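Worksheet for the structure shown next.
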Amino acid sequence: MLEKDSGKKPRPTCPALKPGGRLLREWNGVTHVVDVTEDGFTWNSRSCRSLSAIAREITGAHWSGPRFFGLTGKGAK
């Protein structure tokens with residue numbers, strides 16, 4: 001049985017991403033800091049629900065957010 005949709009999409013969970021965590025990524029000489037919150041992420045004093053949206057803003061190109069921040073692919077733990 002499906003639960004009634006509350007209108008709020010659940011954020012995909014990753015065991016490494018818990019509220020209070022912080023992601024750092026240097027891009028073109030600038031270190032970007034993303035804080036993990038209960039509702040998603042905070043970057044540049046803006047709330048975002050998607051790491052991919054943040055990666056796209058930083059790079060100007062389509063990126064997988066988890067891959068951009070080193071959470072998947074080569075070198076991920």
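The chains in the structure tokens are called A, B, ... from first to last as shown; in each chain the residues are counted from 1, and the ligands are counted from 1 in the order shown.
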
(message) I want to know what sits within 10 Å of A:Asn44, based on only C-alpha atoms, with residues of the same chain fewer than 2 positions away left out; could you give that as a PyMOL selection string?
(response) chain A and resi 32-35+42+46-47+54

Next, write the just-selected residues to a file, as a PDB file, in the first residue's frame, keeping C-alpha atoms as the atom set.
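Ended up saving to out.pdb:
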```
ATOM      1  CA  HIS A  32      32.927  25.426  -1.983  1.00  0.00           C
ATOM      2  CA  VAL A  33      31.364  24.363   1.313  1.00  0.00           C
ATOM      3  CA  VAL A  34      28.044  22.492   1.401  1.00  0.00           C
ATOM      4  CA  ASP A  35      26.343  21.719   4.718  1.00  0.00           C
ATOM      5  CA  THR A  42      22.919  24.623   2.262  1.00  0.00           C
ATOM      6  CA  ARG A  46      20.879  29.025  -0.049  1.00  0.00           C
ATOM      7  CA  SER A  47      18.875  25.902   0.657  1.00  0.00           C
ATOM      8  CA  ILE A  54      24.695  22.777  -6.577  1.00  0.00           C
TER       9      ILE A  54
END
```

(message) Quick one: residues within 9 Å of A:Phe68, only C-alpha atoms, excluding same-chain residues fewer than 2 positions away - as a list in words?
(response)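 Those residues are Arg25, Leu51, Ser52, Ala55, Trp63, Ser64, Gly65, Pro66, Gly70, Leu71 and Thr72 of chain A.
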
(request) For atom CA of A:Pro19 and atom CA of A:His62, determine how far apart the two atoms are, in Å to one decimal place. (result)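 Value for the atom CA of A:Pro19-atom CA of A:His62 distance: 25.2 Å.
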
(request) Return the single residue from A:Arg67, A:Val36, A:Ala61, A:Arg22 that is closest to A:Arg49, with distances computed using only C-alpha atoms. (result) A:Val36
